[in-house]
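Dumped model-v1.txt below, it's compact mmCIF, C-alpha atoms and all ligand atoms:
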# COMPACT_ATOMS: atom_id res chain seq x y z
CA MET A 1 9.72 4.32 -17.91
CA THR A 2 6.02 4.06 -18.76
CA ILE A 3 3.76 1.15 -17.83
CA ASP A 4 0.28 1.85 -19.13
CA ASN A 5 -0.90 4.99 -17.24
CA ILE A 6 2.04 4.83 -14.81
CA ILE A 7 5.03 7.05 -15.54
CA ILE A 8 8.24 6.63 -13.54
CA THR A 9 10.28 9.78 -13.82
CA GLY A 10 13.05 11.77 -12.20
CA ASN A 11 11.28 15.02 -13.01
CA VAL A 12 7.69 14.83 -11.90
CA SER A 13 7.06 18.53 -12.24
CA GLU A 14 7.93 18.59 -15.95
CA VAL A 15 5.95 15.44 -16.75
CA LEU A 16 2.93 16.79 -14.90
CA ASN A 17 3.20 20.04 -16.79
CA ASP A 18 3.30 18.19 -20.14
CA ILE A 19 0.12 16.29 -19.23
CA LEU A 20 -1.66 19.47 -18.17
CA ASN A 21 -0.64 21.25 -21.38
CA LYS A 22 -2.31 18.53 -23.45
CA GLU A 23 -5.59 18.70 -21.53
CA ASN A 24 -7.86 21.64 -21.05
CA TYR A 25 -8.86 21.36 -17.41
CA SER A 26 -11.18 24.07 -16.10
CA LYS A 27 -9.70 23.97 -12.59
CA ILE A 28 -7.05 22.05 -10.68
CA ALA A 29 -7.04 20.97 -7.03
CA VAL A 30 -4.03 19.55 -5.21
CA LEU A 31 -4.66 17.45 -2.08
CA VAL A 32 -1.89 17.49 0.55
CA ASP A 33 -1.37 16.78 4.22
CA GLU A 34 0.95 18.82 6.46
CA ASN A 35 3.96 16.64 5.60
CA THR A 36 3.51 16.54 1.85
CA LEU A 37 2.76 20.26 1.89
CA ALA A 38 6.13 20.87 3.56
CA HIS A 39 8.25 18.30 1.70
CA CYS A 40 6.60 17.39 -1.63
CA TYR A 41 4.60 20.40 -2.76
CA PRO A 42 7.80 22.48 -3.27
CA LEU A 43 8.88 19.95 -5.92
CA ILE A 44 5.85 20.63 -8.13
CA LYS A 45 4.66 24.08 -7.15
CA SER A 46 6.64 26.30 -9.51
CA ASN A 47 5.55 24.53 -12.72
CA LEU A 48 1.91 24.16 -11.78
CA PRO A 49 -0.70 26.50 -13.30
CA GLN A 50 -3.21 28.22 -11.04
CA HIS A 51 -4.68 25.71 -8.58
CA THR A 52 -6.50 25.27 -5.30
CA LEU A 53 -4.61 23.64 -2.46
CA ILE A 54 -6.74 21.42 -0.24
CA GLN A 55 -5.11 20.33 2.99
CA ILE A 56 -6.12 17.48 5.29
CA LYS A 57 -4.50 16.08 8.43
CA SER A 58 -2.11 13.17 7.92
CA GLY A 59 -2.74 9.69 9.24
CA GLU A 60 -5.03 6.70 8.79
CA ILE A 61 -7.24 8.08 11.54
CA ASN A 62 -8.30 10.82 9.11
CA LYS A 63 -9.18 8.50 6.21
CA THR A 64 -12.84 9.10 6.98
CA LEU A 65 -16.08 10.44 5.60
CA ASN A 66 -15.63 13.66 7.62
CA THR A 67 -12.42 14.40 5.74
CA CYS A 68 -14.19 13.68 2.43
CA THR A 69 -16.93 16.13 3.37
CA HIS A 70 -14.25 18.79 3.83
CA VAL A 71 -12.76 18.00 0.40
CA TRP A 72 -16.13 17.93 -1.40
CA GLN A 73 -17.08 21.19 0.32
CA GLU A 74 -13.91 22.90 -0.96
CA LEU A 75 -14.56 21.68 -4.49
CA THR A 76 -18.16 22.87 -4.30
CA ASP A 77 -17.24 26.27 -2.79
CA GLN A 78 -14.73 26.83 -5.59
CA SER A 79 -17.24 25.74 -8.28
CA PHE A 80 -15.19 22.81 -9.56
CA ASP A 81 -17.02 21.33 -12.56
CA ARG A 82 -16.76 17.97 -14.32
CA LYS A 83 -13.84 19.11 -16.45
CA SER A 84 -11.70 19.74 -13.35
CA LEU A 85 -8.63 17.80 -12.30
CA PHE A 86 -7.79 16.49 -8.85
CA ILE A 87 -4.16 15.77 -7.93
CA ASN A 88 -3.30 13.48 -5.01
CA LEU A 89 0.07 14.46 -3.55
CA GLY A 90 0.89 12.06 -0.74
CA GLY A 91 1.02 8.52 0.55
CA GLY A 92 -1.65 5.84 0.47
CA VAL A 93 -4.03 7.75 2.72
CA ILE A 94 -4.10 10.76 0.36
CA GLY A 95 -4.30 8.47 -2.69
CA ASP A 96 -7.14 6.32 -1.33
CA LEU A 97 -9.17 9.20 0.08
CA GLY A 98 -8.43 11.74 -2.64
CA GLY A 99 -9.17 9.20 -5.36
CA PHE A 100 -12.44 8.34 -3.63
CA CYS A 101 -13.41 12.02 -3.40
CA ALA A 102 -12.51 12.65 -7.05
CA GLY A 103 -14.12 9.42 -8.26
CA THR A 104 -17.44 10.35 -6.68
CA TYR A 105 -17.52 14.17 -7.03
CA LYS A 106 -20.17 14.92 -9.68
CA ARG A 107 -20.01 11.19 -10.55
CA GLY A 108 -16.28 11.38 -11.12
CA ILE A 109 -13.63 13.83 -12.27
CA ASP A 110 -10.12 13.06 -13.55
CA PHE A 111 -7.45 12.55 -10.94
CA ILE A 112 -3.69 12.06 -11.04
CA ASN A 113 -1.71 10.29 -8.31
CA LEU A 114 1.68 11.57 -7.23
CA PRO A 115 2.59 8.92 -4.63
CA THR A 116 5.18 10.18 -2.18
CA THR A 117 5.82 7.15 0.08
CA LEU A 118 7.54 3.94 -0.93
CA LEU A 119 4.39 2.00 -0.03
CA SER A 120 2.15 4.15 -2.20
CA GLN A 121 4.62 4.08 -5.11
CA VAL A 122 4.85 0.29 -5.29
CA ASP A 123 1.42 -0.64 -4.00
CA ALA A 124 -1.39 1.78 -3.10
CA SER A 125 -1.28 3.92 -6.24
CA VAL A 126 -1.40 0.91 -8.58
CA GLY A 127 -4.59 -1.07 -9.17
CA GLY A 128 -7.48 1.38 -8.90
CA LYS A 129 -8.71 0.58 -5.38
CA LEU A 130 -10.01 3.74 -3.70
CA GLY A 131 -11.73 4.20 -0.39
CA ILE A 132 -12.03 5.26 3.19
CA ASP A 133 -12.42 3.66 6.60
CA PHE A 134 -15.85 3.56 8.22
CA ASN A 135 -16.73 3.05 11.88
CA GLY A 136 -13.38 1.40 12.51
CA PHE A 137 -13.56 -0.91 9.48
CA LYS A 138 -10.62 -0.38 7.12
CA ASN A 139 -11.38 0.47 3.50
CA HIS A 140 -15.03 -0.31 4.13
CA ILE A 141 -16.46 2.22 1.66
CA GLY A 142 -14.91 2.68 -1.74
CA LEU A 143 -14.78 1.96 -5.43
CA PHE A 144 -12.52 0.83 -8.23
CA GLN A 145 -11.44 3.61 -10.53
CA GLU A 146 -8.21 4.17 -12.40
CA PRO A 147 -6.39 7.49 -12.12
CA LYS A 148 -5.69 9.27 -15.37
CA ASN A 149 -2.01 8.92 -14.56
CA VAL A 150 0.29 7.82 -11.76
CA LEU A 151 3.56 9.76 -11.68
CA ILE A 152 6.26 8.12 -9.59
CA ASP A 153 9.32 10.16 -8.68
CA LEU A 154 11.92 8.69 -6.32
CA ASN A 155 12.98 12.21 -5.32
CA PHE A 156 9.91 12.33 -3.06
CA LEU A 157 11.42 9.52 -0.96
CA LYS A 158 14.36 11.68 0.14
CA THR A 159 12.32 13.21 2.97
CA LEU A 160 10.44 10.07 3.96
CA PRO A 161 11.23 8.87 7.51
CA GLU A 162 13.36 5.71 7.48
CA GLN A 163 10.73 3.70 9.36
CA GLU A 164 8.18 4.48 6.62
CA LEU A 165 10.73 3.43 3.99
CA ARG A 166 11.30 0.07 5.70
CA SER A 167 7.56 -0.41 6.06
CA GLY A 168 6.98 0.17 2.34
CA PHE A 169 9.76 -2.25 1.51
CA ALA A 170 7.66 -5.13 2.90
CA GLU A 171 5.41 -4.87 -0.16
CA ILE A 172 8.43 -4.97 -2.51
CA LEU A 173 9.62 -8.08 -0.70
CA LYS A 174 6.13 -9.59 -1.00
CA HIS A 175 6.03 -8.90 -4.75
CA HIS A 176 9.32 -10.77 -5.18
CA LEU A 177 8.23 -13.75 -3.10
CA ILE A 178 4.91 -14.19 -4.91
CA ALA A 179 6.06 -13.57 -8.46
CA ASP A 180 9.80 -13.40 -9.03
CA ARG A 181 12.05 -16.20 -7.84
CA THR A 182 15.15 -14.86 -9.61
CA GLY A 183 14.60 -11.39 -8.20
CA TRP A 184 14.31 -12.84 -4.70
CA GLU A 185 17.61 -14.70 -5.13
CA GLY A 186 19.28 -11.36 -5.89
CA LEU A 187 17.51 -9.56 -3.07
CA LYS A 188 18.00 -11.98 -0.23
CA HIS A 189 21.73 -11.33 0.23
CA LYS A 190 21.39 -7.54 0.26
CA THR A 191 21.29 -5.26 3.24
CA PHE A 192 18.53 -2.68 3.44
CA GLU A 193 21.10 0.08 2.95
CA ALA A 194 22.20 -1.52 -0.33
CA MET A 195 18.71 -1.56 -1.85
CA ASP A 196 18.55 0.20 -5.18
CA TRP A 197 15.14 1.87 -5.44
CA THR A 198 15.79 2.92 -9.05
CA THR A 199 15.46 -0.71 -10.09
CA SER A 200 13.32 -2.24 -7.35
CA VAL A 201 10.51 0.34 -7.49
CA PRO A 202 9.83 0.01 -11.25
CA HIS A 203 10.19 -3.76 -11.00
CA SER A 204 7.73 -3.96 -8.13
CA VAL A 205 5.26 -1.70 -9.94
CA GLN A 206 5.51 -3.99 -12.97
CA ILE A 207 4.70 -7.06 -10.87
CA LYS A 208 1.67 -5.46 -9.22
CA HIS A 209 0.45 -3.91 -12.47
CA LYS A 210 0.61 -7.24 -14.31
CA ILE A 211 -1.40 -8.99 -11.59
CA VAL A 212 -4.11 -6.32 -11.28
CA THR A 213 -4.45 -6.03 -15.05
CA GLU A 214 -5.11 -9.75 -15.34
CA ASP A 215 -7.58 -9.76 -12.45
CA PRO A 216 -8.78 -6.21 -11.67
CA HIS A 217 -11.62 -7.16 -9.29
CA GLU A 218 -9.86 -9.86 -7.28
CA SER A 219 -11.74 -12.91 -8.42
CA GLY A 220 -8.57 -15.01 -8.45
CA LEU A 221 -4.97 -14.07 -9.19
CA ARG A 222 -5.15 -10.65 -7.47
CA LYS A 223 -5.59 -12.52 -4.18
CA ALA A 224 -1.88 -13.37 -4.46
CA LEU A 225 -1.19 -9.81 -3.29
CA ASN A 226 -2.67 -10.74 0.08
CA PHE A 227 0.31 -12.95 0.90
CA GLY A 228 1.52 -12.00 4.40
CA HIS A 229 -1.65 -10.00 4.94
CA THR A 230 -3.85 -12.57 6.72
CA ILE A 231 -1.76 -13.19 9.83
CA GLY A 232 -0.19 -9.74 9.25
CA HIS A 233 -3.59 -8.02 9.49
CA GLY A 234 -4.44 -10.02 12.61
CA ILE A 235 -1.24 -8.80 14.29
CA GLU A 236 -1.75 -5.25 13.02
CA SER A 237 -5.38 -5.01 14.21
CA TYR A 238 -4.59 -6.55 17.59
CA LEU A 239 -1.63 -4.25 18.27
CA LEU A 240 -3.38 -1.11 17.05
CA ASN A 241 -6.47 -1.85 19.13
CA SER A 242 -4.33 -2.44 22.20
CA GLY A 243 -2.60 0.89 21.70
CA ARG A 244 0.76 -0.35 20.35
CA ALA A 245 1.91 1.57 17.32
CA ILE A 246 2.93 -0.52 14.34
CA LEU A 247 3.22 0.37 10.68
CA HIS A 248 1.39 -1.72 8.09
CA GLY A 249 4.55 -3.03 6.43
CA GLU A 250 6.06 -4.03 9.76
CA ALA A 251 2.99 -6.20 10.45
CA VAL A 252 3.10 -7.58 6.90
CA ALA A 253 6.77 -8.55 7.34
CA ALA A 254 5.80 -10.53 10.47
CA GLY A 255 2.83 -11.97 8.57
CA ILE A 256 5.15 -13.10 5.75
CA ILE A 257 7.24 -15.10 8.24
CA CYS A 258 4.10 -16.74 9.69
CA GLU A 259 2.62 -17.55 6.28
CA ALA A 260 5.96 -18.79 4.94
CA TYR A 261 6.03 -21.12 7.98
CA LEU A 262 2.56 -22.40 7.08
CA SER A 263 3.71 -22.89 3.46
CA TYR A 264 6.64 -24.95 4.80
CA LYS A 265 4.37 -27.01 7.07
CA ARG A 266 2.28 -27.92 4.02
CA GLU A 267 5.45 -28.83 2.15
CA LEU A 268 5.02 -26.04 -0.37
CA ILE A 269 8.46 -24.54 0.32
CA THR A 270 11.64 -26.09 1.74
CA GLU A 271 13.13 -25.51 5.17
CA GLU A 272 16.02 -23.67 3.55
CA GLU A 273 13.62 -21.32 1.75
CA LEU A 274 11.77 -20.68 5.01
CA ASN A 275 15.05 -19.93 6.79
CA ASP A 276 16.16 -17.54 4.05
CA ILE A 277 12.90 -15.59 4.30
CA THR A 278 12.95 -15.49 8.10
CA GLN A 279 16.59 -14.39 8.31
CA PHE A 280 16.18 -11.73 5.64
CA ILE A 281 13.16 -10.20 7.36
CA GLN A 282 14.83 -10.35 10.76
CA SER A 283 17.83 -8.49 9.32
CA ILE A 284 15.58 -5.60 8.27
CA TYR A 285 12.80 -5.39 10.84
CA GLU A 286 13.00 -5.24 14.57
CA LYS A 287 11.27 -8.29 15.91
CA ILE A 288 7.83 -7.54 17.29
CA ASN A 289 7.66 -8.98 20.77
CA LEU A 290 4.73 -11.34 20.52
CA SER A 291 5.40 -13.31 23.68
CA ASP A 292 3.39 -10.87 25.76
CA LEU A 293 0.70 -10.85 23.12
CA ASP A 294 -2.54 -12.68 23.51
CA ARG A 295 -2.31 -15.07 20.56
CA GLU A 296 -5.89 -16.22 21.05
CA GLU A 297 -6.96 -12.61 20.70
CA VAL A 298 -4.95 -12.28 17.43
CA CYS A 299 -6.84 -15.34 16.18
CA ASN A 300 -10.13 -13.66 17.05
CA TYR A 301 -9.10 -10.85 14.72
CA LEU A 302 -8.19 -13.39 12.04
CA MET A 303 -11.72 -14.78 12.24
CA GLN A 304 -13.04 -11.34 11.24
CA ASP A 305 -10.85 -10.98 8.13
CA LYS A 306 -12.71 -9.56 5.11
CA LYS A 307 -11.35 -12.40 2.94
CA ASN A 308 -12.89 -15.19 5.05
CA ARG A 309 -15.74 -17.30 3.74
CA ASP A 310 -18.13 -19.48 5.78
CA ASN A 311 -16.12 -19.02 8.99
CA ASN A 312 -12.90 -20.23 7.38
CA ILE A 313 -9.73 -18.17 7.58
CA LEU A 314 -8.52 -18.01 3.99
CA ALA A 315 -4.88 -17.29 3.33
CA VAL A 316 -2.43 -17.15 0.45
CA LEU A 317 0.52 -19.50 0.77
CA LEU A 318 3.72 -19.73 -1.23
CA ASN A 319 3.85 -22.61 -3.67
CA GLY A 320 7.59 -22.50 -4.17
CA ILE A 321 9.23 -19.09 -4.26
CA GLY A 322 7.72 -16.91 -6.99
CA SER A 323 4.39 -18.68 -7.02
CA VAL A 324 1.34 -18.92 -4.75
CA VAL A 325 -1.85 -20.81 -3.97
CA TRP A 326 -4.80 -18.80 -2.63
CA ASP A 327 -8.01 -19.58 -0.75
CA GLN A 328 -6.08 -21.89 1.57
CA SER A 329 -8.18 -22.63 4.60
CA LEU A 330 -6.35 -22.25 7.95
CA ASP A 331 -7.61 -23.62 11.21
CA ARG A 332 -7.15 -21.79 14.47
CA GLN A 333 -4.42 -24.10 15.75
CA GLU A 334 -2.30 -23.66 12.61
CA SER A 335 -2.60 -19.89 12.94
CA LEU A 336 -1.55 -20.08 16.59
CA ASP A 337 1.40 -22.32 15.68
CA SER A 338 2.63 -19.82 13.10
CA LEU A 339 2.58 -17.04 15.73
CA VAL A 340 4.59 -19.26 18.07
CA PHE A 341 7.09 -19.91 15.25
CA TYR A 342 7.47 -16.17 14.65
CA ASP A 343 8.16 -15.59 18.31
CA LYS A 344 10.79 -18.34 18.66
P1 LIG B 401 0.47 7.49 4.69
O1 LIG B 401 -0.26 7.95 3.50
O2 LIG B 401 -0.20 7.62 6.02
O3 LIG B 401 1.90 8.22 4.75
C1 LIG B 401 2.76 7.94 5.82
C2 LIG B 401 3.29 9.23 6.46
O4 LIG B 401 4.31 9.78 5.63
C3 LIG B 401 2.26 10.33 6.63
O5 LIG B 401 2.47 10.94 7.85
C4 LIG B 401 2.55 11.28 5.49
O6 LIG B 401 2.15 12.60 5.77
C5 LIG B 401 4.04 11.17 5.39
N1 LIG B 401 4.65 11.46 4.09
C6 LIG B 401 4.17 11.08 2.89
N2 LIG B 401 5.07 11.36 1.93
C7 LIG B 401 6.12 11.94 2.55
C8 LIG B 401 7.38 12.41 2.08
N3 LIG B 401 7.72 12.31 0.79
N4 LIG B 401 8.23 12.96 2.99
C9 LIG B 401 7.90 13.00 4.30
N5 LIG B 401 6.74 12.54 4.80
C10 LIG B 401 5.87 12.00 3.92
O7 LIG B 401 0.88 5.94 4.59
P2 LIG B 401 1.23 4.97 3.35
O8 LIG B 401 2.01 3.90 3.97
O9 LIG B 401 1.75 5.70 2.18
O10 LIG B 401 -0.20 4.42 2.92
C11 LIG B 401 -1.01 3.68 3.78
C12 LIG B 401 -2.43 3.70 3.25
O11 LIG B 401 -2.44 3.12 1.96
C13 LIG B 401 -3.41 2.91 4.09
O12 LIG B 401 -4.56 3.67 4.29
C14 LIG B 401 -3.74 1.71 3.23
O13 LIG B 401 -5.05 1.23 3.44
C15 LIG B 401 -3.56 2.26 1.85
N6 LIG B 401 -3.27 1.24 0.82
C16 LIG B 401 -4.05 1.20 -0.27
C17 LIG B 401 -3.82 0.30 -1.27
C18 LIG B 401 -4.68 0.29 -2.51
O14 LIG B 401 -4.58 -0.64 -3.31
N7 LIG B 401 -5.49 1.29 -2.70
C19 LIG B 401 -2.77 -0.63 -1.15
C20 LIG B 401 -1.98 -0.56 -0.03
C21 LIG B 401 -2.23 0.37 0.96
MG MG B 402 -0.38 -4.13 2.18

Just give me the structure as structure tokens.
Amino acid sequence: MTIDNIIITGNVSEVLNDILNKENYSKIAVLVDENTLAHCYPLIKSNLPQHTLIQIKSGEINKTLNTCTHVWQELTDQSFDRKSLFINLGGGVIGDLGGFCAGTYKRGIDFINLPTTLLSQVDASVGGKLGIDFNGFKNHIGLFQEPKNVLIDLNFLKTLPEQELRSGFAEILKHHLIADRTGWEGLKHKTFEAMDWTTSVPHSVQIKHKIVTEDPHESGLRKALNFGHTIGHGIESYLLNSGRAILHGEAVAAGIICEAYLSYKRELITEEELNDITQFIQSIYEKINLSDLDREEVCNYLMQDKKNRDNNILAVLLNGIGSVVWDQSLDRQESLDSLVFYDK
């Protein structure tokens, strides 16, 4: 299936080879981390013409300028010119950082994304946002630039740890809740084990692609994608800064419950809809124990959210299932109440 520059395929190596045969790239670099080198590189290696492998360490902690310096240095040492190609083989960290490096090297060279996590297949590799973290601020430095192609192959997911798979699923769930009522009705009775990635990944990509095409720079509609991410980010930042490991999607799933509760409180969804969402998420994700969490401190993190304006916490709420309202101002008490609801 092809959606614009995104190709969903069961044979990524062959599709990549076809693209390379049509172009006349002077040099090719492939960016990997230790996990994608071990598990994903073997899937593309044999068909790939001569190339330079650039390896970085995995993890958000390495999505930094220092890592970029290493990548730019490699490209410079190997005399990569403007007709070179950069291939990102990995999850969202590789895609964001590698895209940023390619998009800025000599004012930009072509790059292709081969997303290898569920999260990067349905979310990070779609929409042209590239960047790195800076002094502890997430995605603080970056740019918008579209990859030449995004090649999605579900075979990469076979080696992905289950916890990463569940984390990525939170974005699929979000896409359904904000844009596809019928899809949600089908999803909500399924177990995680019964999920069919061959249909839900392309469907999710379609939803995100449609939204970002209509509003590439987030002046309106694209904000819908932040559903679950206001309270979710507050929980994620608080836990990470207090040394408790949590994956992004796990925090987003908790954030979806909180923001669905706020949607219910404002009479935008029914109690039954709220219960369906809560039960579904609780069937998939282990509940984060928030009772020993300093809710006031979570709210302090909410006050620092990038999306806020004039000291207001701005959130996206559901307006019925499959539809949203954005720029909804939340006060501190409402945010606290939603955390209490989650913890009940
Ligand atoms: P990640 O890139 O850190 O990958 C998670 C882990 O899985 C890593 O340890 C990685 O080495 C490993 N891995 C990757 N593919 C594997 C495979 N096939 N088999 C085994 N192990 C594999 O995490 P992620 O969840 O993919 O991405 C998170 C990043 O994406 C964050 O930095 C976030 O800011 C970014 N993001 C960007 C956008 C965007 O629009 N640009 C959207 C959402 C998220
Ligand atoms: Mg997200």

Near ligand LIG 401 (chain B), 6 Å: chain A residue rows, closest pairs, all atoms listed in the file, as JSON lines:
{"residue": "A:Asp33", "atom": "CA", "partner": "B:LIG401", "partner_atom": "O6", "distance": 5.7}
{"residue": "A:Asn35", "atom": "CA", "partner": "B:LIG401", "partner_atom": "O6", "distance": 4.4}
{"residue": "A:Thr36", "atom": "CA", "partner": "B:LIG401", "partner_atom": "C7", "distance": 5.3}
{"residue": "A:His39", "atom": "CA", "partner": "B:LIG401", "partner_atom": "N4", "distance": 5.5}
{"residue": "A:Cys40", "atom": "CA", "partner": "B:LIG401", "partner_atom": "N3", "distance": 5.7}
{"residue": "A:Ser58", "atom": "CA", "partner": "B:LIG401", "partner_atom": "O6", "distance": 4.8}
{"residue": "A:Gly59", "atom": "CA", "partner": "B:LIG401", "partner_atom": "O2", "distance": 4.6}
{"residue": "A:Glu60", "atom": "CA", "partner": "B:LIG401", "partner_atom": "O12", "distance": 5.4}
{"residue": "A:Gly90", "atom": "CA", "partner": "B:LIG401", "partner_atom": "C6", "distance": 5.0}
{"residue": "A:Gly91", "atom": "CA", "partner": "B:LIG401", "partner_atom": "O1", "distance": 3.3}
{"residue": "A:Gly92", "atom": "CA", "partner": "B:LIG401", "partner_atom": "O10", "distance": 3.2}
{"residue": "A:Val93", "atom": "CA", "partner": "B:LIG401", "partner_atom": "O1", "distance": 3.9}
{"residue": "A:Ile94", "atom": "CA", "partner": "B:LIG401", "partner_atom": "O1", "distance": 5.7}
{"residue": "A:Asp96", "atom": "CA", "partner": "B:LIG401", "partner_atom": "N7", "distance": 5.5}
{"residue": "A:Thr116", "atom": "CA", "partner": "B:LIG401", "partner_atom": "N2", "distance": 4.3}
{"residue": "A:Thr117", "atom": "CA", "partner": "B:LIG401", "partner_atom": "N2", "distance": 4.7}
{"residue": "A:Leu119", "atom": "CA", "partner": "B:LIG401", "partner_atom": "O8", "distance": 5.0}
{"residue": "A:Ser120", "atom": "CA", "partner": "B:LIG401", "partner_atom": "O9", "distance": 4.7}
{"residue": "A:Asp123", "atom": "CA", "partner": "B:LIG401", "partner_atom": "C19", "distance": 5.1}
{"residue": "A:Ala124", "atom": "CA", "partner": "B:LIG401", "partner_atom": "C17", "distance": 3.4}
{"residue": "A:Gly127", "atom": "CA", "partner": "B:LIG401", "partner_atom": "O14", "distance": 5.9}
{"residue": "A:Lys129", "atom": "CA", "partner": "B:LIG401", "partner_atom": "N7", "distance": 4.2}
{"residue": "A:Leu130", "atom": "CA", "partner": "B:LIG401", "partner_atom": "N7", "distance": 5.2}
{"residue": "A:Phe156", "atom": "CA", "partner": "B:LIG401", "partner_atom": "N3", "distance": 4.4}
{"residue": "A:Leu157", "atom": "CA", "partner": "B:LIG401", "partner_atom": "N3", "distance": 5.0}
{"residue": "A:Thr159", "atom": "CA", "partner": "B:LIG401", "partner_atom": "N4", "distance": 4.1}
{"residue": "A:Leu160", "atom": "CA", "partner": "B:LIG401", "partner_atom": "N4", "distance": 3.8}

Task: Straight-line distance linking CA of Gly255 (chain A) with CA of Ile207 (chain A), stated in Å to one decimal - done: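 Computing it gives 20.1 Å between the two atoms.
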
Task: Neighbour list for Leu53 (chain A) as a list in words, cut-off 10 Å, all atoms listed in the file, skip fewer than 5 positions in-chain - done: Ile28, Ala29, Val30, Leu31, Val32, Leu37, Tyr41, Glu74 and Ile87 of chain A

Open item on the list: Using all atoms listed in the file, list the residues that have an atom at most 10 Å from (6.0, -17.3, 6.9), coordinates as in the file, as a list in words.
Closed with: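 The residues that fall inside the cut-off are Phe227, Gly228, Ile231, Ala253, Ala254, Gly255, Ile256, Ile257, Cys258, Glu259, Ala260, Tyr261, Leu262, Ser263, Tyr264, Lys265, Leu274, Asn275, Ile277, Thr278, Leu317, Leu318, Ser338, Leu339, Phe341 and Tyr342 of chain A.
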
Quick one: write out the picked residues with C-alpha atoms as a PDB file, in the frame of the given file?
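What landed in part16.pdb:
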ATOM      1  CA  PHE A 227       0.310 -12.950   0.900  1.00  0.00           C
ATOM      2  CA  GLY A 228       1.520 -12.000   4.400  1.00  0.00           C
ATOM      3  CA  ILE A 231      -1.760 -13.190   9.830  1.00  0.00           C
ATOM      4  CA  ALA A 253       6.770  -8.550   7.340  1.00  0.00           C
ATOM      5  CA  ALA A 254       5.800 -10.530  10.470  1.00  0.00           C
ATOM      6  CA  GLY A 255       2.830 -11.970   8.570  1.00  0.00           C
ATOM      7  CA  ILE A 256       5.150 -13.100   5.750  1.00  0.00           C
ATOM      8  CA  ILE A 257       7.240 -15.100   8.240  1.00  0.00           C
ATOM      9  CA  CYS A 258       4.100 -16.740   9.690  1.00  0.00           C
ATOM     10  CA  GLU A 259       2.620 -17.550   6.280  1.00  0.00           C
ATOM     11  CA  ALA A 260       5.960 -18.790   4.940  1.00  0.00           C
ATOM     12  CA  TYR A 261       6.030 -21.120   7.980  1.00  0.00           C
ATOM     13  CA  LEU A 262       2.560 -22.400   7.080  1.00  0.00           C
ATOM     14  CA  SER A 263       3.710 -22.890   3.460  1.00  0.00           C
ATOM     15  CA  TYR A 264       6.640 -24.950   4.800  1.00  0.00           C
ATOM     16  CA  LYS A 265       4.370 -27.010   7.070  1.00  0.00           C
ATOM     17  CA  LEU A 274      11.770 -20.680   5.010  1.00  0.00           C
ATOM     18  CA  ASN A 275      15.050 -19.930   6.790  1.00  0.00           C
ATOM     19  CA  ILE A 277      12.900 -15.590   4.300  1.00  0.00           C
ATOM     20  CA  THR A 278      12.950 -15.490   8.100  1.00  0.00           C
ATOM     21  CA  LEU A 317       0.520 -19.500   0.770  1.00  0.00           C
ATOM     22  CA  LEU A 318       3.720 -19.730  -1.230  1.00  0.00           C
ATOM     23  CA  SER A 338       2.630 -19.820  13.100  1.00  0.00           C
ATOM     24  CA  LEU A 339       2.580 -17.040  15.730  1.00  0.00           C
ATOM     25  CA  PHE A 341       7.090 -19.910  15.250  1.00  0.00           C
ATOM     26  CA  TYR A 342       7.470 -16.170  14.650  1.00  0.00           C
TER      27      TYR A 342
END

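Selecting all polymer residues at most 7 Å from ligand MG 402 (chain B), using all atoms listed in the file, gives A:Glu171, A:His229, A:His248, A:Gly249, A:Val252.
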
Which polymer residues have any atom within 9 Å of an atom of Asn17 (chain A), counting all atoms listed in the file, with same-chain residues fewer than 5 positions away left out, as a short mmCIF file (atom, residue, chain, number, x, y, z; two decimals) with C-alpha atoms, in the frame of the given file?
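around_36.cif, freshly written:
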data_model
loop_
_atom_site.label_atom_id
_atom_site.label_comp_id
_atom_site.auth_asym_id
_atom_site.auth_seq_id
_atom_site.Cartn_x
_atom_site.Cartn_y
_atom_site.Cartn_z
CA VAL A 12 7.69 14.83 -11.90
CA LYS A 22 -2.31 18.53 -23.45
CA ASN A 47 5.55 24.53 -12.72
CA LEU A 48 1.91 24.16 -11.78
CA PRO A 49 -0.70 26.50 -13.30
#

Give me the box for region 214-230 of chain A as lines of an AutoDock Vina configuration file, namely the centre and edge lengths in Å to one decimal of a box along x, y and z that holds every listed atom plus 4 Å on each side.
center_x = -5.1
center_y = -10.6
center_z = -4.3
size_x = 21.3
size_y = 16.8
size_z = 30.1

Task: Residues within 10 Å of Gln163 (chain A), only C-alpha atoms, excluding chain neighbours under 5 positions, as a count of residues only - done: 6

- [ ] Kindly indicate which residue among A:Thr198, A:Thr52, A:Thr270, A:Thr182 lies nearest to Gly322 (chain A), using all atoms listed in the file for the distances.
- [x]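 Ranked by minimum distance to Gly322 (chain A), first place goes to A:Thr182.
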
Task: Nearest residue to Gly136 (chain A) from the set A:Thr64, A:Asn312, A:Gln206, A:Ser219 (distances using all atoms listed in the file) - done: A:Thr64

- [ ] Tell me which of A:Ile61, A:Ile313, A:Ala38, A:Ile44 sits closest to Val15 (chain A), counting all atoms listed in the file.
- [x]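 Smallest distance to Val15 (chain A) is found for A:Ile44.
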
Task: CA of Leu240 (chain A) to CA of Tyr301 (chain A), straight-line distance in Å - done: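 Rounded to one decimal, the two atoms are 11.5 Å apart.
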
TODO: Work out how far apart CA of Ser79 (chain A) and CA of Leu65 (chain A) are and give it in Å to one decimal.
DONE: 20.7 Å

- [ ] Rank nothing, just name the residue among A:Val212, A:Lys158, A:Glu271, A:Trp184 nearest to Ser125 (chain A), using all atoms listed in the file.
- [x]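 Smallest distance to Ser125 (chain A) is found for A:Val212.
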
- [ ] Just the residues within 10 Å of Leu302 (chain A), please, counting only C-alpha atoms, with nothing from its chain fewer than 6 positions along; format it as JSON, numbers by chain.
- [x] {"A": [230, 231, 232, 233, 234, 235, 237, 238, 296, 308, 312, 313, 314, 330, 332, 335]}
